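Notes to accompany the following structure.
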Amino acid sequence: MLFFTLLLEVIWILTANGGQHWTYEGPHGQDHWPASYPECGSNAQSPINIQTDSVTFDPDLLPLQPHGYEQPGTEPLNLHNNGHTVQLSLPSTLYLEGLPRKYVAAQLHLHWGQKGTPWGSEHLINGKATAAEVGETKNPAYEHILSHLHEIKHKDQKTSVPPFNVRGLLPPLLAQYFRYNGSLTTPPCYQSVLWTVFHRRAQISMEQLENLRETLFSTEEEPSEPLVQNYRAPQPLNQRMVFASFIQVGPSYTTGEMLSLGVGILVGCLCLLLAVYFIARKIRRKRLRNRKSVVFTSARATEA
Ligand SMILES: *[C@@H]1O[C@H](CO)[C@@H](O)[C@H](O)[C@H]1NC(C)=O
């Protein structure tokens, strides 16, 4: 396979933090969140598994329009290791249109897996952990975040990042997405999130993925705990509807799948062509042999 799916998902939600200590695994892990944070055990939680054959097309879902994302001011942006994720604060001059209300940007953060695992995203599509796609080339927009990770290795460390084109972090196509009502995917799991899950993934390089998975720690000092596998398991959909802004025509393929499909089709065609060629040659030879024998027979006949 020429491609890998990965482990990374960008979410644009409001911050809600503080309170009881929580982790992804162990005695304070996700199964225990509802004990300290009751809303985490409620019935409209995120993430979910999006089953694409069960989504409802909604023609009123307009393309998302980010405003101010390409030039987020002149002030440096704050980048923070909060022990759960790496978080970039965004100025409120950034906002989104194409939603039922005007949403102002607050922050963005990432979720990822760990070395050697092919998952790490929170939302699943058809049971598959989808995330950004890993390609050959560095994604320059993500480099504005990833190149600073070594400055905030430990929990509670902060650094500032020069403003950059934040639109570049989003996938190119903002018209195709899934929409549903859900929650924050970390405690306190407030069910106040109108989720937009883009159909197409963003792409970063394997090197960038390794940087993300291997630089950060979830602890302040020794003993150092690596900050990995910071994704929540999918939650029951219950009575909720998932809408799509687009009509899916058959299964959809990624560039890598298209490429392998294309190569497969090409090889298939070549085999068919060769088979046809050999069969045709065989038939021609047979015919020629028959003709020869006819000529021979008639020759003999004339001789006779
Ligand atoms: C989300 O919930 C609100 C309030 O119940 C409802 O009006 C809206 O249609 C829901 N949106 C989606 C995408 O389900």
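Residues are named by chain letter and number: chains run A, B, ... in the order of the structure tokens, numbers start at 1 in each chain, and ligands are numbered from 1 in the order shown.
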Margin query: Write out as a ChimeraX atom specification the set of residues from region 5-180 of chain A that DSSP, computed on the backbone, places in alpha helix (DSSP H).
Written below: /A:33-36,140-146
Please dump the current selection as an mmCIF file, in the first residue's frame; keep N, CA and C atoms.
```cif
data_model
loop_
_atom_site.group_PDB
_atom_site.id
_atom_site.type_symbol
_atom_site.label_atom_id
_atom_site.label_comp_id
_atom_site.auth_asym_id
_atom_site.auth_seq_id
_atom_site.Cartn_x
_atom_site.Cartn_y
_atom_site.Cartn_z
ATOM 1 N N TRP A 33 -14.678 8.469 33.518
ATOM 2 C CA TRP A 33 -15.017 9.892 33.419
ATOM 3 C C TRP A 33 -16.398 10.218 33.975
ATOM 4 N N PRO A 34 -17.434 9.404 33.676
ATOM 5 C CA PRO A 34 -18.777 9.770 34.147
ATOM 6 C C PRO A 34 -18.889 9.896 35.675
ATOM 7 N N ALA A 35 -18.037 9.190 36.427
ATOM 8 C CA ALA A 35 -18.101 9.268 37.888
ATOM 9 C C ALA A 35 -17.807 10.690 38.377
ATOM 10 N N SER A 36 -16.833 11.355 37.746
ATOM 11 C CA SER A 36 -16.482 12.725 38.142
ATOM 12 C C SER A 36 -17.170 13.773 37.273
ATOM 13 N N PRO A 140 3.357 22.181 4.993
ATOM 14 C CA PRO A 140 4.011 23.369 5.564
ATOM 15 C C PRO A 140 3.162 24.049 6.640
ATOM 16 N N ALA A 141 1.827 23.980 6.510
ATOM 17 C CA ALA A 141 0.963 24.633 7.509
ATOM 18 C C ALA A 141 1.132 23.973 8.880
ATOM 19 N N TYR A 142 1.165 22.638 8.921
ATOM 20 C CA TYR A 142 1.324 21.930 10.201
ATOM 21 C C TYR A 142 2.709 22.139 10.793
ATOM 22 N N GLU A 143 3.678 22.423 9.917
ATOM 23 C CA GLU A 143 5.043 22.663 10.386
ATOM 24 C C GLU A 143 5.101 23.904 11.289
ATOM 25 N N HIS A 144 4.180 24.851 11.089
ATOM 26 C CA HIS A 144 4.132 26.035 11.959
ATOM 27 C C HIS A 144 3.836 25.665 13.409
ATOM 28 N N ILE A 145 3.183 24.509 13.616
ATOM 29 C CA ILE A 145 2.914 24.012 14.973
ATOM 30 C C ILE A 145 3.999 23.010 15.367
ATOM 31 N N LEU A 146 4.232 22.026 14.502
ATOM 32 C CA LEU A 146 5.096 20.891 14.855
ATOM 33 C C LEU A 146 6.547 21.285 15.092
#
```
Next item on the list: Using only C-alpha atoms and all ligand atoms, find each residue with an atom at most 9 Å away from ligand 1 and format the answer as a PyMOL selection string.
Entry: chain A and resi 178-182+193-195+240-243
Notebook entry, point to check: Which residues come within 9 Å of region 66-74 of chain A, counting only C-alpha atoms, excluding same-chain residues fewer than 4 positions away, as a PyMOL selection string?
Noted result: chain A and resi 90-91+93-98+162-168
Would you export the selected residues with N, CA, C and O atoms as a compact mmCIF listing (two decimals), in the first residue's frame, please?
```txt
# COMPACT_ATOMS: atom_id res chain seq x y z
N LEU A 90 -6.44 30.81 19.31
CA LEU A 90 -6.71 31.58 18.10
C LEU A 90 -7.42 32.88 18.46
O LEU A 90 -8.27 32.90 19.35
N PRO A 91 -7.07 33.99 17.80
CA PRO A 91 -7.74 35.26 18.08
C PRO A 91 -9.17 35.25 17.56
O PRO A 91 -9.48 34.56 16.58
N THR A 93 -10.71 37.28 15.90
CA THR A 93 -10.91 37.87 14.58
C THR A 93 -11.17 36.77 13.55
O THR A 93 -11.60 37.03 12.44
N LEU A 94 -10.91 35.51 13.95
CA LEU A 94 -11.19 34.36 13.07
C LEU A 94 -12.61 33.87 13.37
O LEU A 94 -12.97 33.67 14.52
N TYR A 95 -13.42 33.71 12.33
CA TYR A 95 -14.76 33.19 12.54
C TYR A 95 -15.22 32.38 11.32
O TYR A 95 -14.61 32.45 10.26
N LEU A 96 -16.28 31.61 11.53
CA LEU A 96 -16.79 30.72 10.48
C LEU A 96 -18.18 31.16 10.05
O LEU A 96 -19.03 31.49 10.88
N GLU A 97 -18.43 31.13 8.74
CA GLU A 97 -19.77 31.30 8.20
C GLU A 97 -20.18 30.02 7.51
O GLU A 97 -19.34 29.19 7.18
N GLY A 98 -21.50 29.90 7.28
CA GLY A 98 -22.00 28.67 6.69
C GLY A 98 -22.54 27.75 7.77
O GLY A 98 -22.84 26.58 7.52
N PRO A 162 4.77 32.51 15.58
CA PRO A 162 4.39 33.63 14.71
C PRO A 162 3.08 33.32 13.98
O PRO A 162 2.85 32.16 13.63
N PRO A 163 2.23 34.32 13.76
CA PRO A 163 0.96 34.05 13.07
C PRO A 163 1.21 33.45 11.68
O PRO A 163 2.19 33.80 11.02
N PHE A 164 0.35 32.51 11.30
CA PHE A 164 0.51 31.86 9.99
C PHE A 164 -0.88 31.58 9.41
O PHE A 164 -1.89 31.75 10.10
N ASN A 165 -0.92 31.15 8.18
CA ASN A 165 -2.18 30.86 7.49
C ASN A 165 -2.84 29.61 8.08
O ASN A 165 -2.50 28.49 7.71
N VAL A 166 -3.79 29.83 8.99
CA VAL A 166 -4.44 28.73 9.71
C VAL A 166 -5.39 27.95 8.78
O VAL A 166 -5.64 26.77 8.99
N ARG A 167 -5.84 28.59 7.72
CA ARG A 167 -6.69 27.91 6.73
C ARG A 167 -5.98 26.69 6.15
O ARG A 167 -6.59 25.70 5.81
N GLY A 168 -4.64 26.78 6.07
CA GLY A 168 -3.83 25.69 5.51
C GLY A 168 -3.90 24.41 6.32
O GLY A 168 -3.54 23.35 5.82
```
Next item on the list: Kindly indicate which residue among A:Ala202, A:Val134, A:Leu77, A:Val228 lies nearest to His148 (chain A), using only C-alpha atoms for the distances.
Entry: A:Leu77
Note to self: With DSSP run on the backbone, what are the strand (DSSP E or B) residues within region 90-271 of chain A? I'd like them as number ranges by chain.
What the structure shows: A: 95-97, 103-104, 107-111, 124-125, 128-129, 133-135, 158-161, 177-182, 193-198, 203-205, 217, 226, 243-244
Write the residues you've just listed into a file as a compact mmCIF listing (two decimals), in the first residue's frame, and include N, CA, C and O atoms for each of them.
```txt
# COMPACT_ATOMS: atom_id res chain seq x y z
N TYR A 95 -13.42 33.71 12.33
CA TYR A 95 -14.76 33.19 12.54
C TYR A 95 -15.22 32.38 11.32
O TYR A 95 -14.61 32.45 10.26
N LEU A 96 -16.28 31.61 11.53
CA LEU A 96 -16.79 30.72 10.48
C LEU A 96 -18.18 31.16 10.05
O LEU A 96 -19.03 31.49 10.88
N GLU A 97 -18.43 31.13 8.74
CA GLU A 97 -19.77 31.30 8.20
C GLU A 97 -20.18 30.02 7.51
O GLU A 97 -19.34 29.19 7.18
N TYR A 103 -19.81 31.49 14.39
CA TYR A 103 -18.91 30.91 15.39
C TYR A 103 -17.56 31.57 15.30
O TYR A 103 -16.96 31.66 14.23
N VAL A 104 -17.08 32.05 16.47
CA VAL A 104 -15.78 32.69 16.55
C VAL A 104 -14.76 31.63 16.96
O VAL A 104 -15.05 30.76 17.80
N GLN A 107 -9.71 28.03 19.78
CA GLN A 107 -8.46 27.28 19.83
C GLN A 107 -8.56 26.09 18.89
O GLN A 107 -9.64 25.71 18.45
N LEU A 108 -7.43 25.49 18.61
CA LEU A 108 -7.45 24.21 17.91
C LEU A 108 -6.47 23.29 18.60
O LEU A 108 -5.49 23.74 19.23
N HIS A 109 -6.75 22.02 18.57
CA HIS A 109 -5.84 21.03 19.17
C HIS A 109 -5.88 19.75 18.37
O HIS A 109 -6.71 19.59 17.47
N LEU A 110 -4.98 18.84 18.68
CA LEU A 110 -4.83 17.62 17.88
C LEU A 110 -5.02 16.37 18.73
O LEU A 110 -4.88 16.41 19.95
N HIS A 111 -5.39 15.27 18.08
CA HIS A 111 -5.46 13.95 18.74
C HIS A 111 -4.62 12.99 17.91
O HIS A 111 -4.63 13.06 16.69
N LEU A 124 -14.69 7.86 13.66
CA LEU A 124 -14.45 6.76 12.73
C LEU A 124 -15.41 6.92 11.56
O LEU A 124 -16.51 7.41 11.71
N ILE A 125 -14.97 6.53 10.38
CA ILE A 125 -15.85 6.50 9.21
C ILE A 125 -15.97 5.03 8.81
O ILE A 125 -14.96 4.39 8.53
N LYS A 128 -13.70 2.67 10.49
CA LYS A 128 -12.26 2.85 10.30
C LYS A 128 -11.80 4.14 10.96
O LYS A 128 -12.43 5.17 10.79
N ALA A 129 -10.69 4.03 11.70
CA ALA A 129 -10.11 5.23 12.30
C ALA A 129 -9.53 6.06 11.16
O ALA A 129 -8.51 5.73 10.59
N GLU A 133 -4.07 12.03 6.31
CA GLU A 133 -3.42 11.02 5.50
C GLU A 133 -1.92 11.29 5.53
O GLU A 133 -1.51 12.45 5.59
N VAL A 134 -1.11 10.27 5.50
CA VAL A 134 0.35 10.48 5.53
C VAL A 134 0.90 10.38 4.14
O VAL A 134 0.75 9.36 3.48
N GLY A 135 1.52 11.44 3.70
CA GLY A 135 2.09 11.47 2.35
C GLY A 135 3.59 11.60 2.38
O GLY A 135 4.22 11.49 3.43
N LYS A 158 4.57 26.49 27.67
CA LYS A 158 3.96 27.32 26.63
C LYS A 158 5.02 27.96 25.78
O LYS A 158 6.13 28.18 26.24
N THR A 159 4.66 28.24 24.54
CA THR A 159 5.57 28.98 23.68
C THR A 159 4.72 29.85 22.77
O THR A 159 3.50 29.71 22.74
N SER A 160 5.37 30.77 22.06
CA SER A 160 4.57 31.54 21.10
C SER A 160 5.06 31.26 19.69
O SER A 160 6.24 30.99 19.45
N VAL A 161 4.10 31.31 18.79
CA VAL A 161 4.30 30.93 17.40
C VAL A 161 3.94 32.15 16.55
O VAL A 161 2.90 32.76 16.78
N TYR A 177 -18.88 17.56 4.06
CA TYR A 177 -18.69 17.23 5.48
C TYR A 177 -19.92 16.53 6.05
O TYR A 177 -20.99 16.51 5.44
N PHE A 178 -19.73 15.93 7.22
CA PHE A 178 -20.81 15.35 8.01
C PHE A 178 -21.12 16.30 9.17
O PHE A 178 -20.22 16.98 9.66
N ARG A 179 -22.38 16.32 9.59
CA ARG A 179 -22.80 17.26 10.64
C ARG A 179 -23.69 16.53 11.64
O ARG A 179 -24.61 15.83 11.23
N TYR A 180 -23.41 16.68 12.90
CA TYR A 180 -24.30 16.12 13.93
C TYR A 180 -24.11 16.85 15.26
O TYR A 180 -23.12 17.55 15.45
N ASN A 181 -25.05 16.69 16.14
CA ASN A 181 -25.00 17.27 17.48
C ASN A 181 -24.28 16.31 18.42
O ASN A 181 -24.69 15.17 18.58
N GLY A 182 -23.22 16.81 19.06
CA GLY A 182 -22.46 15.95 19.97
C GLY A 182 -21.88 16.72 21.13
O GLY A 182 -22.50 17.68 21.62
N VAL A 193 -21.72 20.78 21.35
CA VAL A 193 -20.91 20.90 20.14
C VAL A 193 -21.72 20.52 18.89
O VAL A 193 -22.32 19.45 18.83
N LEU A 194 -21.73 21.44 17.93
CA LEU A 194 -22.28 21.12 16.61
C LEU A 194 -21.08 20.68 15.78
O LEU A 194 -20.25 21.49 15.38
N TRP A 195 -20.99 19.38 15.57
CA TRP A 195 -19.80 18.83 14.94
C TRP A 195 -19.82 18.94 13.43
O TRP A 195 -20.84 18.71 12.78
N THR A 196 -18.65 19.27 12.86
CA THR A 196 -18.43 19.23 11.42
C THR A 196 -17.24 18.29 11.21
O THR A 196 -16.15 18.56 11.71
N VAL A 197 -17.47 17.17 10.57
CA VAL A 197 -16.38 16.23 10.29
C VAL A 197 -16.17 16.24 8.78
O VAL A 197 -17.04 15.84 8.02
N PHE A 198 -15.03 16.75 8.34
CA PHE A 198 -14.78 16.86 6.90
C PHE A 198 -14.62 15.49 6.25
O PHE A 198 -14.05 14.58 6.84
N GLN A 203 -3.36 16.15 4.93
CA GLN A 203 -2.21 15.26 4.75
C GLN A 203 -0.96 15.84 5.39
O GLN A 203 -0.66 17.01 5.22
N ILE A 204 -0.25 15.00 6.16
CA ILE A 204 1.07 15.40 6.68
C ILE A 204 2.05 14.27 6.33
O ILE A 204 1.62 13.20 5.88
N SER A 205 3.33 14.50 6.52
CA SER A 205 4.32 13.47 6.18
C SER A 205 4.52 12.52 7.36
O SER A 205 4.19 12.85 8.50
N PHE A 217 5.35 15.07 26.37
CA PHE A 217 5.09 14.31 27.59
C PHE A 217 3.84 14.85 28.27
O PHE A 217 3.57 16.04 28.22
N PRO A 226 5.07 9.61 28.16
CA PRO A 226 4.85 10.15 26.82
C PRO A 226 3.38 10.54 26.63
O PRO A 226 2.47 9.89 27.15
N PHE A 243 -26.02 14.09 9.37
CA PHE A 243 -26.33 14.64 8.06
C PHE A 243 -25.06 14.77 7.23
O PHE A 243 -23.96 14.88 7.78
N ALA A 244 -25.23 14.76 5.90
CA ALA A 244 -24.10 14.96 5.01
C ALA A 244 -24.42 16.12 4.08
O ALA A 244 -25.56 16.29 3.65
```
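Between CA of Leu99 (chain A) and CA of Pro63 (chain A) the interatomic distance comes to 8.9 Å.
In this comparison, which uses only C-alpha atoms, the residue of A:Arg285, A:Glu214, A:Ser147, A:Trp112 approaching His84 (chain A) most closely is A:Trp112.
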Check: In Å to one decimal, how far is CA of Gln239 (chain A) from CA of Ser46 (chain A)?
Finding: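 If I compute the distance from CA of Ser46 (chain A) to CA of Gln239 (chain A), I get 13.5 Å.
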